[in-house]
$ cat protein_10.csv   # CSV, C-alpha atoms
chain,number,residue,atom,x,y,z
A,10,MET,CA,33.1,70.0,28.5
A,11,THR,CA,29.9,70.9,26.6
A,12,THR,CA,30.4,72.2,23.1
A,13,LEU,CA,27.8,73.6,20.6
A,14,ARG,CA,28.0,70.3,18.6
A,15,SER,CA,26.8,68.4,21.6
A,16,VAL,CA,23.8,70.7,22.2
A,17,PRO,CA,20.4,69.5,20.8
A,18,ILE,CA,19.6,71.6,17.7
A,19,HIS,CA,16.2,72.8,19.0
A,20,TYR,CA,17.9,74.2,22.1
A,21,LEU,CA,20.7,75.7,20.0
A,22,ARG,CA,18.1,77.6,18.0
A,23,LEU,CA,16.5,79.0,21.2
A,24,LEU,CA,19.9,79.8,22.6
A,25,GLY,CA,20.7,81.7,19.4
A,26,ALA,CA,17.4,83.7,19.8
A,27,ALA,CA,18.3,84.4,23.4
A,28,GLN,CA,21.8,85.7,22.5
A,29,ASP,CA,20.8,87.5,19.3
A,30,LYS,CA,23.0,85.1,17.3
A,31,ILE,CA,22.5,82.5,14.5
A,32,LEU,CA,23.9,79.2,15.8
A,33,CYS,CA,22.1,76.8,13.3
A,34,GLY,CA,19.5,76.8,10.5
A,35,PRO,CA,15.7,77.2,10.7
A,36,GLU,CA,13.4,74.7,12.2
A,37,LYS,CA,10.9,74.7,9.4
A,38,ILE,CA,10.9,75.7,5.7
A,39,SER,CA,7.7,76.3,3.8
A,40,ILE,CA,8.1,76.1,0.0
A,41,GLY,CA,5.5,77.6,-2.4
A,42,ILE,CA,6.2,75.5,-5.5
A,43,CYS,CA,3.5,77.1,-7.8
A,44,SER,CA,1.2,80.0,-8.0
A,45,VAL,CA,-1.7,78.4,-9.9
A,46,CYS,CA,-4.9,77.0,-8.5
A,47,ASN,CA,-7.8,75.2,-10.0
A,48,ILE,CA,-10.4,76.5,-7.5
A,49,GLN,CA,-11.3,79.9,-6.1
A,50,CYS,CA,-11.8,80.0,-2.3
A,51,ASN,CA,-13.5,83.2,-1.2
A,52,TYR,CA,-11.0,83.6,1.7
A,53,CYS,CA,-7.9,83.0,-0.4
A,54,SER,CA,-5.5,86.0,-0.4
A,55,TYR,CA,-4.2,84.9,-3.8
A,56,HIS,CA,-7.2,83.6,-5.8
A,57,SER,CA,-10.4,84.9,-4.2
A,58,PRO,CA,-13.1,85.8,-6.7
A,59,LEU,CA,-14.3,88.5,-4.2
A,60,SER,CA,-11.0,90.5,-4.4
A,61,PRO,CA,-10.3,93.0,-7.2
A,62,LEU,CA,-6.6,92.4,-6.5
A,63,CYS,CA,-7.0,88.7,-7.2
A,64,ARG,CA,-9.0,89.2,-10.4
A,65,GLN,CA,-6.0,90.9,-12.0
A,66,HIS,CA,-4.2,88.6,-14.5
A,67,LYS,CA,-1.0,87.1,-13.1
A,68,PRO,CA,1.3,84.8,-15.0
A,69,ALA,CA,1.6,81.3,-13.7
A,70,SER,CA,4.8,80.6,-11.8
A,71,PHE,CA,6.4,77.3,-11.0
A,72,LEU,CA,9.5,76.9,-8.8
A,73,ASN,CA,12.0,75.1,-10.9
A,74,LEU,CA,13.4,71.7,-9.9
A,75,LYS,CA,17.0,72.9,-9.7
A,76,THR,CA,16.1,75.5,-7.1
A,77,ILE,CA,13.9,73.0,-5.2
A,78,LYS,CA,16.8,70.5,-5.1
A,79,LYS,CA,19.2,73.1,-3.7
A,80,ILE,CA,16.6,74.1,-1.0
A,81,VAL,CA,16.1,70.5,0.0
A,82,SER,CA,19.8,69.7,0.1
A,83,THR,CA,20.5,72.8,2.3
A,84,ALA,CA,17.6,71.9,4.6
A,85,ALA,CA,19.1,68.4,5.0
A,86,LEU,CA,22.5,69.8,5.9
A,87,TRP,CA,20.9,72.2,8.4
A,88,GLY,CA,18.9,69.4,10.1
A,89,VAL,CA,15.6,71.1,9.3
A,90,LYS,CA,12.8,69.5,11.2
A,91,GLN,CA,10.0,70.0,8.7
A,92,ILE,CA,9.4,70.9,5.0
A,93,THR,CA,6.0,72.2,4.0
A,94,LEU,CA,4.7,72.3,0.5
A,95,SER,CA,2.1,75.0,0.2
A,96,GLY,CA,2.2,78.6,-1.0
A,97,ASP,CA,0.4,80.9,-3.4
A,98,GLY,CA,-1.4,78.1,-5.3
A,99,GLU,CA,-2.2,74.4,-5.2
A,100,PRO,CA,1.1,72.4,-4.9
A,101,THR,CA,-0.2,69.3,-6.7
A,102,ARG,CA,-0.6,71.4,-9.9
A,103,HIS,CA,3.2,71.5,-10.2
A,104,PRO,CA,4.0,69.2,-13.1
A,105,ASP,CA,6.8,67.6,-11.1
A,106,ILE,CA,5.1,67.2,-7.8
A,107,ALA,CA,5.7,63.4,-7.5
A,108,PHE,CA,9.5,64.0,-8.1
A,109,ILE,CA,9.5,66.8,-5.6
A,110,ILE,CA,8.0,64.7,-2.9
A,111,HIS,CA,10.4,61.9,-3.6
A,112,ALA,CA,13.4,64.3,-3.4
A,113,ILE,CA,12.3,65.5,0.0
A,114,LYS,CA,11.7,62.0,1.4
A,115,GLU,CA,15.0,60.7,-0.1
A,116,LYS,CA,16.7,63.2,2.2
A,117,LYS,CA,14.9,61.8,5.2
A,118,LEU,CA,13.1,65.1,5.8
A,119,SER,CA,9.6,65.3,7.4
A,120,LEU,CA,7.1,66.5,4.8
A,121,ASN,CA,3.8,68.4,5.3
A,122,LEU,CA,1.7,68.8,2.2
A,123,CYS,CA,-1.1,71.4,2.1
A,124,THR,CA,-3.6,70.7,-0.7
A,125,ASN,CA,-7.2,71.4,-1.7
A,126,GLY,CA,-7.6,67.7,-2.2
A,127,THR,CA,-8.7,67.8,-5.9
A,128,PHE,CA,-5.5,66.1,-7.3
A,129,PRO,CA,-6.0,63.4,-9.9
A,130,SER,CA,-6.2,59.8,-8.5
A,131,GLU,CA,-3.0,58.8,-10.1
A,132,LEU,CA,-1.1,61.1,-7.8
A,133,VAL,CA,-2.4,59.4,-4.6
A,134,PRO,CA,0.6,57.0,-4.2
A,135,ALA,CA,3.1,59.9,-4.4
A,136,ILE,CA,1.0,62.2,-2.1
A,137,ALA,CA,0.7,59.4,0.4
A,138,LYS,CA,4.4,59.5,1.0
A,139,ALA,CA,3.9,62.8,2.9
A,140,ASP,CA,4.1,62.6,6.7
A,141,LYS,CA,1.2,65.0,7.2
A,142,LEU,CA,-1.5,65.9,4.8
A,143,TYR,CA,-3.7,68.9,5.3
A,144,ILE,CA,-6.7,69.0,3.0
A,145,ASN,CA,-8.3,72.5,2.7
A,146,LEU,CA,-12.1,71.8,2.9
A,147,CYS,CA,-14.3,74.4,4.5
A,148,ALA,CA,-17.7,73.2,3.5
A,149,PRO,CA,-19.7,70.1,4.6
A,150,ASP,CA,-21.7,69.6,1.4
A,151,LYS,CA,-21.5,70.2,-2.4
A,152,ILE,CA,-23.8,73.3,-2.3
A,153,SER,CA,-21.7,75.1,0.4
A,154,TYR,CA,-18.5,74.0,-1.4
A,155,ARG,CA,-19.7,75.7,-4.6
A,156,ARG,CA,-20.6,78.9,-2.8
A,157,LEU,CA,-17.4,79.1,-0.7
A,158,GLN,CA,-14.6,77.4,-2.6
A,159,ALA,CA,-15.3,76.3,-6.2
A,160,PRO,CA,-18.0,78.4,-8.0
A,161,ARG,CA,-16.9,77.0,-11.3
A,162,SER,CA,-16.2,73.4,-10.4
A,163,PRO,CA,-18.6,72.0,-7.7
A,164,GLU,CA,-18.1,68.5,-9.0
A,165,LEU,CA,-14.6,68.5,-7.4
A,166,PHE,CA,-16.3,67.9,-4.0
A,167,GLU,CA,-16.8,64.3,-5.0
A,168,GLN,CA,-13.2,64.0,-6.1
A,169,ILE,CA,-12.0,65.3,-2.7
A,170,LEU,CA,-14.0,62.6,-0.9
A,171,SER,CA,-12.7,59.9,-3.2
A,172,ASN,CA,-9.1,61.0,-2.6
A,173,ILE,CA,-9.7,61.1,1.2
A,174,ASN,CA,-11.0,57.5,1.0
A,175,LYS,CA,-8.0,56.3,-1.0
A,176,ILE,CA,-5.4,58.1,1.2
A,177,SER,CA,-7.1,56.7,4.3
A,178,LYS,CA,-6.7,53.1,3.1
A,179,ILE,CA,-3.0,53.7,2.5
A,180,SER,CA,-2.6,55.4,5.9
A,181,LYS,CA,-4.2,52.5,7.7
A,182,ARG,CA,-1.7,50.1,6.1
A,183,TYR,CA,1.5,52.2,6.3
A,184,LYS,CA,0.7,54.5,9.2
A,185,HIS,CA,1.1,57.6,7.1
A,186,PRO,CA,0.2,60.2,6.1
A,187,GLU,CA,-1.4,61.7,9.1
A,188,THR,CA,-4.4,63.4,7.4
A,189,LYS,CA,-6.4,66.4,8.6
A,190,ILE,CA,-9.1,68.6,7.2
A,191,ALA,CA,-8.0,72.3,7.3
A,192,PHE,CA,-11.0,74.6,7.9
A,193,ILE,CA,-10.5,78.4,7.5
A,194,ILE,CA,-13.0,80.2,9.8
A,195,THR,CA,-14.7,83.2,8.1
A,196,ARG,CA,-18.0,85.2,8.5
A,197,GLU,CA,-19.4,83.0,5.7
A,198,ASN,CA,-18.9,79.6,7.2
A,199,TYR,CA,-18.5,79.8,11.0
A,200,ARG,CA,-22.1,78.8,11.5
A,201,LEU,CA,-21.4,75.6,9.5
A,202,ILE,CA,-18.9,74.4,12.0
A,203,ALA,CA,-21.3,72.1,13.9
A,204,LYS,CA,-22.4,70.5,10.6
A,205,MET,CA,-18.8,70.3,9.5
A,206,LEU,CA,-17.8,68.4,12.7
A,207,GLY,CA,-20.5,65.8,12.0
A,208,PHE,CA,-19.4,65.5,8.4
A,209,VAL,CA,-15.7,65.0,9.2
A,210,ASP,CA,-16.6,62.5,12.0
A,211,LYS,CA,-18.1,60.2,9.3
A,212,LEU,CA,-14.9,60.4,7.2
A,213,SER,CA,-12.1,57.9,7.8
A,214,ILE,CA,-9.7,60.5,9.1
A,215,HIS,CA,-11.5,61.8,12.1
A,216,SER,CA,-9.4,64.9,12.5
A,217,ILE,CA,-9.9,68.6,11.6
A,218,ARG,CA,-7.8,71.6,12.2
A,219,PHE,CA,-9.4,75.0,12.3
A,220,LYS,CA,-7.6,78.3,11.4
A,221,LEU,CA,-8.9,81.8,11.8
A,222,PHE,CA,-9.1,83.8,8.6
A,223,ARG,CA,-6.3,86.2,8.2
A,224,SER,CA,-7.4,89.5,6.7
A,225,ALA,CA,-6.1,90.3,3.2
A,226,PRO,CA,-6.6,93.3,0.9
A,227,GLY,CA,-10.0,93.2,-0.9
A,228,ILE,CA,-11.5,90.5,1.4
A,229,GLU,CA,-11.3,92.2,4.8
A,230,ASN,CA,-15.0,91.8,5.3
A,231,LEU,CA,-14.7,88.0,5.7
A,232,ALA,CA,-13.1,88.4,9.1
A,233,LEU,CA,-15.2,87.7,12.1
A,234,THR,CA,-16.7,90.9,13.6
A,235,ALA,CA,-17.0,91.5,17.4
A,236,GLU,CA,-20.6,90.3,17.2
A,237,ASP,CA,-19.6,87.2,15.2
A,238,THR,CA,-16.9,86.4,17.7
A,239,ALA,CA,-19.3,86.5,20.6
A,240,VAL,CA,-21.7,84.1,18.8
A,241,PHE,CA,-18.8,81.9,17.8
A,242,LEU,CA,-17.4,81.6,21.3
A,243,LYS,CA,-20.8,80.9,22.8
A,244,THR,CA,-21.6,78.2,20.2
A,245,MET,CA,-18.2,76.5,20.4
A,246,THR,CA,-18.4,76.0,24.1
A,247,SER,CA,-21.1,73.4,23.8
A,248,LEU,CA,-19.5,71.9,20.6
A,249,ILE,CA,-16.2,71.3,22.3
A,250,LYS,CA,-17.9,69.2,24.9
A,251,THR,CA,-19.9,67.1,22.5
A,252,SER,CA,-17.5,66.5,19.5
A,253,ARG,CA,-15.4,63.7,20.9
A,254,PRO,CA,-13.7,61.5,19.8
A,255,LEU,CA,-13.2,63.7,16.8
A,256,LYS,CA,-9.8,65.5,17.0
A,257,HIS,CA,-9.9,69.3,16.6
A,258,ASN,CA,-8.4,72.5,18.0
A,259,LEU,CA,-11.5,74.5,18.7
A,260,ALA,CA,-10.5,75.1,22.3
A,261,GLU,CA,-7.2,76.6,21.1
A,262,ILE,CA,-9.1,78.8,18.6
A,263,CYS,CA,-11.4,80.1,21.3
A,264,ASP,CA,-8.5,80.7,23.6
A,265,SER,CA,-6.8,82.7,20.9
A,266,LEU,CA,-9.8,84.8,20.2
A,267,THR,CA,-10.3,85.5,23.9
A,268,LYS,CA,-6.6,86.4,24.6
A,269,HIS,CA,-5.5,88.0,21.4
A,270,ALA,CA,-8.7,89.6,19.9
A,271,THR,CA,-7.2,93.1,19.9
A,272,GLU,CA,-3.6,92.9,20.8
A,273,GLN,CA,-0.5,92.5,18.6
A,274,PRO,CA,2.3,90.3,19.9
A,275,ASP,CA,5.2,92.3,21.4
A,276,CYS,CA,7.9,90.1,20.0
A,277,CYS,CA,8.2,87.6,17.1
A,278,LEU,CA,11.0,85.0,17.0
A,279,THR,CA,10.1,83.6,13.6
A,280,GLY,CA,13.5,84.8,12.3
A,281,TRP,CA,15.3,82.1,14.2
A,282,HIS,CA,12.8,79.3,13.3
A,283,ASP,CA,11.0,79.7,10.0
A,284,LEU,CA,11.6,80.4,6.3
A,285,PHE,CA,9.0,80.9,3.6
A,286,ILE,CA,10.0,80.6,-0.1
A,287,SER,CA,7.6,81.8,-2.8
A,288,PRO,CA,7.2,80.4,-6.3
A,289,HIS,CA,9.0,83.6,-7.4
A,290,GLN,CA,12.0,82.5,-5.3
A,291,ARG,CA,11.6,85.3,-2.7
A,292,VAL,CA,12.6,84.3,0.8
A,293,SER,CA,10.9,85.7,3.9
A,294,PHE,CA,10.4,85.0,7.6
A,295,CYS,CA,6.6,85.2,7.1
A,296,CYS,CA,4.0,84.0,4.5
A,297,LEU,CA,2.1,87.3,4.5
A,298,ASN,CA,4.1,90.2,6.0
A,299,ARG,CA,6.3,91.6,3.2
A,300,ASN,CA,8.3,93.6,5.8
A,301,LEU,CA,9.9,90.3,6.7
A,302,GLU,CA,11.3,89.5,3.3
A,303,ILE,CA,15.0,88.9,3.4
A,304,GLY,CA,16.3,87.9,0.0
A,305,ASP,CA,16.0,86.4,-3.5
A,306,LEU,CA,17.2,83.0,-4.5
A,307,ARG,CA,17.8,84.2,-8.0
A,308,LYS,CA,20.6,86.4,-6.6
A,309,HIS,CA,21.9,84.5,-3.6
A,310,SER,CA,22.0,81.0,-2.1
A,311,LEU,CA,19.6,80.1,0.7
A,312,ARG,CA,22.5,79.9,3.2
A,313,THR,CA,23.8,83.3,2.2
A,314,ILE,CA,20.3,84.8,2.7
A,315,TRP,CA,19.8,83.1,6.1
A,316,GLU,CA,23.2,84.4,7.4
A,317,SER,CA,22.9,87.9,5.7
A,318,ARG,CA,23.1,91.2,7.5
A,319,LYS,CA,19.6,92.0,6.3
A,320,ALA,CA,18.2,88.8,7.8
A,321,GLN,CA,19.8,89.6,11.1
A,322,ILE,CA,18.5,93.1,11.2
A,323,ILE,CA,15.0,91.9,10.6
A,324,ARG,CA,15.4,89.2,13.3
A,325,LEU,CA,16.4,91.8,15.8
A,326,LYS,CA,13.5,94.1,14.7
A,327,GLY,CA,11.1,91.3,15.2
A,328,LYS,CA,12.5,90.6,18.7
A,329,TYR,CA,12.8,94.2,19.9
A,330,HIS,CA,10.7,96.5,17.7
A,331,PHE,CA,8.0,94.1,16.4
A,332,PRO,CA,4.9,96.3,16.9
A,333,GLN,CA,6.4,98.9,14.5
A,334,PHE,CA,6.1,96.7,11.5
A,335,ALA,CA,3.6,94.0,12.5
A,336,CYS,CA,0.6,93.5,10.1
A,337,SER,CA,-3.1,93.0,10.9
A,338,ALA,CA,-2.7,89.2,10.3
A,339,CYS,CA,-0.3,89.0,13.3
A,340,LYS,CA,-3.3,89.1,15.7
A,341,THR,CA,-4.6,85.8,14.3
A,342,CYS,CA,-1.2,84.3,13.2
A,343,LEU,CA,-1.3,80.5,12.8
A,344,TRP,CA,1.9,80.3,14.8
A,345,ARG,CA,0.9,82.7,17.6
A,346,THR,CA,0.8,80.1,20.3
A,347,GLU,CA,4.1,78.6,19.1
A,348,ASN,CA,5.7,82.0,19.1
A,349,ASP,CA,4.5,82.6,22.7
A,350,GLN,CA,6.1,79.2,23.7
A,351,ARG,CA,9.4,80.2,22.1
A,352,ILE,CA,9.4,83.6,24.0
A,353,SER,CA,8.7,81.7,27.3
A,354,ALA,CA,11.5,79.2,26.5
A,355,ILE,CA,14.2,81.8,25.8
A,356,ALA,CA,13.3,83.7,29.0
A,357,HIS,CA,14.4,80.6,31.0
A,358,ILE,CA,17.7,80.1,29.2
A,359,ALA,CA,20.6,81.2,31.3
A,360,THR,CA,22.7,83.4,29.1
A,361,PRO,CA,24.7,86.7,29.6
A,362,THR,CA,23.0,88.3,26.6
A,363,THR,CA,19.2,88.1,27.1
A,364,LYS,CA,18.7,91.9,26.7
A,365,PRO,CA,19.4,93.9,23.5
A,366,THR,CA,23.0,95.0,23.2
A,367,ARG,CA,24.0,98.5,22.3
A,368,SER,CA,25.6,97.2,19.0
A,369,ASN,CA,22.4,95.3,18.1
A,370,LEU,CA,20.1,98.2,18.8
A,371,SER,CA,22.3,100.6,16.8
A,372,LEU,CA,22.3,98.1,13.9
A,373,THR,CA,18.6,98.0,13.7
A,374,LYS,CA,18.2,101.8,14.1
A,375,LYS,CA,20.8,102.4,11.4
A,376,ILE,CA,18.7,101.0,8.5
A,377,SER,CA,15.3,101.1,10.2
A,378,SER,CA,14.0,103.9,8.0
A,379,ALA,CA,15.5,102.5,4.8
A,380,HIS,CA,13.9,99.1,5.5
A,381,ALA,CA,10.5,100.7,6.3
A,382,SER,CA,10.5,102.5,3.0
$ encode --input "protein_10.csv" --output "C-alpha cells"
Amino acid sequence: MTTLRSVPIHYLRLLGAAQDKILCGPEKISIGICSVCNIQCNYCSYHSPLSPLCRQHKPASFLNLKTIKKIVSTAALWGVKQITLSGDGEPTRHPDIAFIIHAIKEKKLSLNLCTNGTFPSELVPAIAKADKLYINLCAPDKISYRRLQAPRSPELFEQILSNINKISKISKRYKHPETKIAFIITRENYRLIAKMLGFVDKLSIHSIRFKLFRSAPGIENLALTAEDTAVFLKTMTSLIKTSRPLKHNLAEICDSLTKHATEQPDCCLTGWHDLFISPHQRVSFCCLNRNLEIGDLRKHSLRTIWESRKAQIIRLKGKYHFPQFACSACKTCLWRTENDQRISAIAHIATPTTKPTRSNLSLTKKISSAHAS
C-alpha cells in the first residue's frame, strides 16, 4: 500500500497543487538577509540612482541570526531543495555572512548565492562553500560598468574579476561552486550582449545566465520596447549559433519574448513551491508582487505562516484567479518557464480534485475584496 510518506517529495508537492492541499513544505526558499548595497545598478528596483523612489533614505536592515537559524532549521525539516541568499541588497554586506553560509551547509542544504561580486577577498573561502554562485555583472568593461552599475565605484570592476579568478581556482579543485555571470537585459545594455559573450568566454567560468529586466516603479523606461525586442531577437539568432562552447540561455530568453511578450500567465503555482523572505522578515510567495505577501516572522513562525488560512487563500487565487492580481513583472518572470512546467505536470496527475471545489472558490471569494484592498 502506497502512503504519503513513501511518495517522493517533489511529486507530493505537485499532488498538493493538483488537489488544492498542502502536503509538504516549499521546494525553494529565498532569503533577503540585508537591504544595503555598495553599488547602484540602474536596473535595480531597490537601489537604482535613476528612480526617485530609490533615492529616498531608507534605514539599513539586516536579518538577525536568530531568525535565520530558525528559517534554516525549518527548511531542513521540510526537506527544502534549495536555499537562495539574495534580496533587497548585497548579501555579502551582512556582517555574519560567513556564519550564515556555514549554518546552511551544516544542515546539508543546497545553497545558491546571488552577489555583485565585489566582496572582500577574505570572504572567498566562505563564499566558495555555496553550491551555485551567481555574479551580477552586466557590463563587459570598466567604462560600461561605471555607467550601468557603479557610478561611484568603477574600481570595483577589477575586484570582481579578481574574485572570479580566485573562486574559479577553488571550483576546479573542489568541484564547487558552480559559478555563472548574471546579466540583466535592459534597453541600456542589450546591444552589449555580443561583446559580453566574448568577455565571459575569456573568463575561467564560461557560463552566463541572462534575465529580462522586470519593470519597477521609476525605472519603467529601461524595459525593452517593441522595437528593441525586434532588434534583439534578430541579433540573438546569429549569436546563439556562434557563441559555443560558452553556456548561456539566450534561446530560452528569445522563446520567452516570442511567446509571452504581451500575455500574462493564467495560473501561478508558486504558492506550493516558493517562499521569499525579506530583510524586514516579511514572507511572500513572490519577490516583487506584494499581493502575494502571506505573513510576518516577527508575529508568527515560518511553519504557521506556510500553513495559514491567508497563505491558502492566496495559493488558490494564484491558481484560479491569477490574472486579477498579477503584476506587470509576471510577463517576464524569471520562473515563467518553471511555472508552465508545473502546470503541465499537475494536469497529468490522476486525482479526483483537479478542478476548483465549491468550498475553495467560496473561500477565495469571501475575502477577495479585503485582500485586494
$ closest_residue --input "protein_10.csv" --among "A:Val209, A:Ile176, A:Ile38, A:Ile322" --to "Thr83 in chain A" --atoms "only C-alpha atoms"
A:Ile38
$ residues_around --input "protein_10.csv" --residues "Leu86 in chain A" --least-positions-apart "3" --cutoff "12 Å" --atoms "only C-alpha atoms" --output "PyMOL selection string"
chain A and resi 33-35+79-83+89-90+116-118+311-312
$ closest_residue --input "protein_10.csv" --among "A:Ile113, A:Leu221, A:Ile303, A:Val133" --to "Ile40 in chain A" --atoms "only C-alpha atoms"
A:Ile113
$ atom_distance --input "protein_10.csv" --atom1 "CA of Ala191 in chain A" --atom2 "CA of Lys175 in chain A"
18.0 Å
$ closest_atom_pairs --input "protein_10.csv" --of "range 192-215 of chain A" --to "range 52-71 of chain A" --cutoff "10 Å" --atoms "all atoms listed in the file" --output "tab-separated table"
residue	atom	partner	partner_atom	distance
A:Ile193	CA	A:Tyr52	CA	7.8
A:Ile194	CA	A:Tyr52	CA	9.0
A:Thr195	CA	A:Tyr52	CA	7.4
A:Arg196	CA	A:Tyr52	CA	9.9
A:Glu197	CA	A:Tyr52	CA	9.3
